[in-house]
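Peer 1: Can you keep this structure in mind? I'll have questions shortly.
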Amino acid sequence: MHLTQHTDYGLRVLIYTAINDDALANIGTIADTYGISKSHLMKVVTALVKGGFLDSVRGKGGGLKLSRPPEQINIGAVVRHLEPMQLVECMGDNNQCLIAPGCRLAGILGGAMKAFLNYLDGFTLADLLNKPTYDLLYIPKTEISAGFLPAGYN
């Protein structure tokens, strides 16, 4: 099975957001970090918000945050939400396959997909977070205090 780029990016956004949970995440920063298209990422983020995995805060200083703790975001649920789940034509609504009525392929592939998703159901976003990933993705938040402002900015 091959996950779509949409799902790959969705999982990356969730990992980034979980690691940088001390502030709202910005789509532009996430896109730059991973070297992916901001416009494509906006579609992914929209799907994650609609799916209840992310919250979007609008306005100046807005951004993205997880809708619930990483331990409560199931990887299988994310993949189900983002993936089309149609491995072959006969598993979809527009089935035009001539042999579909007697073919066993859909049942076999359906069983394989079920096993795949059941395995993913055993993991949460928290399981994807580790020190090496944290070291690569964490962006420290800096606070400017009055003592560090240049002259004329008080």
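As shown in the structure tokens, the chain order sets the letters A, B, ...; within each chain, residues go from 1, and ligands are also counted from 1 in the order they appear.
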Would you mind writing down, as a PyMOL selection string, each residue of chain A that DSSP on the backbone assigns to strand (DSSP E or B)?

Peer 2: chain A and resi 25+54-57+63-66+74+124

Peer 1: If we count only C-alpha atoms and set the cut-off at 10 Å, which residues sit around segment 38-54 of chain A, ignoring sequence neighbours fewer than 3 positions away in its own chain? Please answer as number ranges by chain.

Peer 2: A: 5-11, 13-14, 17, 27-32, 35, 57, 64-70, 72-74, 77-78, 81-82

Peer 1: If you run DSSP over the backbone, which residues in segment 19-142 of chain A end up alpha helix (DSSP H)? Put them as a compact mmCIF listing (two decimals) with C-alpha atoms, in the first residue's frame.

Peer 2:
```txt
# COMPACT_ATOMS: atom_id res chain seq x y z
CA ILE A 19 6.72 19.06 19.05
CA ILE A 27 1.72 26.98 7.94
CA GLY A 28 4.53 28.94 6.27
CA THR A 29 7.07 27.81 8.85
CA ILE A 30 5.95 24.18 8.58
CA ALA A 31 6.13 24.33 4.77
CA ASP A 32 9.63 25.84 4.91
CA THR A 33 10.80 23.31 7.49
CA TYR A 34 9.76 20.34 5.35
CA LYS A 38 2.52 26.07 1.23
CA SER A 39 -0.60 25.90 -0.95
CA HIS A 40 -0.64 22.09 -0.80
CA LEU A 41 -0.06 22.22 2.95
CA MET A 42 -3.03 24.54 3.37
CA LYS A 43 -5.29 21.85 1.86
CA VAL A 44 -3.82 19.26 4.21
CA VAL A 45 -4.30 21.51 7.24
CA THR A 46 -7.91 22.22 6.22
CA ALA A 47 -8.57 18.47 6.18
CA LEU A 48 -6.90 18.02 9.59
CA VAL A 49 -9.00 20.83 11.07
CA LYS A 50 -12.20 19.37 9.57
CA ILE A 75 -2.64 7.25 13.71
CA GLY A 76 -5.15 4.84 12.17
CA ALA A 77 -7.89 7.45 12.52
CA VAL A 78 -5.71 10.09 10.84
CA VAL A 79 -4.93 7.77 7.91
CA ARG A 80 -8.60 6.79 7.53
CA HIS A 81 -9.56 10.46 7.44
CA LEU A 82 -6.91 11.55 4.93
CA LEU A 105 -9.41 -9.43 -5.41
CA ALA A 106 -11.43 -6.73 -3.60
CA GLY A 107 -12.05 -9.04 -0.63
CA ILE A 108 -8.40 -10.00 -0.35
CA LEU A 109 -7.17 -6.42 -0.66
CA GLY A 110 -9.87 -5.28 1.75
CA GLY A 111 -8.60 -7.76 4.32
CA ALA A 112 -5.04 -6.55 3.83
CA MET A 113 -6.14 -2.93 4.26
CA LYS A 114 -8.06 -3.84 7.41
CA ALA A 115 -4.95 -5.51 8.86
CA PHE A 116 -2.86 -2.46 7.93
CA LEU A 117 -5.28 -0.04 9.58
CA ASN A 118 -5.71 -2.27 12.65
CA TYR A 119 -1.93 -2.16 13.10
CA LEU A 120 -1.91 1.65 12.81
CA LYS A 131 14.33 13.12 20.85
CA PRO A 132 15.94 13.03 17.36
CA THR A 133 12.72 14.31 15.76
CA TYR A 134 12.33 16.89 18.51
CA ASP A 135 15.90 18.10 17.92
CA LEU A 136 15.22 18.51 14.21
CA LEU A 137 11.84 20.22 14.43
```

Peer 1: Give me the residues within 12 Å of Gly59 of chain A as number ranges by chain, counting only C-alpha atoms and dropping any in the same chain fewer than 3 places off.

Peer 2: A: 24, 26, 56, 62-64

Peer 1: I'd like the neighbourhood of Pro140 of chain A as a PyMOL selection string, where a residue qualifies if any of its atoms comes within 12 Å (using only C-alpha atoms), though same-chain residues fewer than 6 positions away should be ignored.

Peer 2: chain A and resi 19-23+25+134

Peer 1: Between atom CA of Ala126 of chain A and atom CA of Thr4 of chain A, measure the distance and give it in Å to one decimal.

Peer 2: 21.9 Å
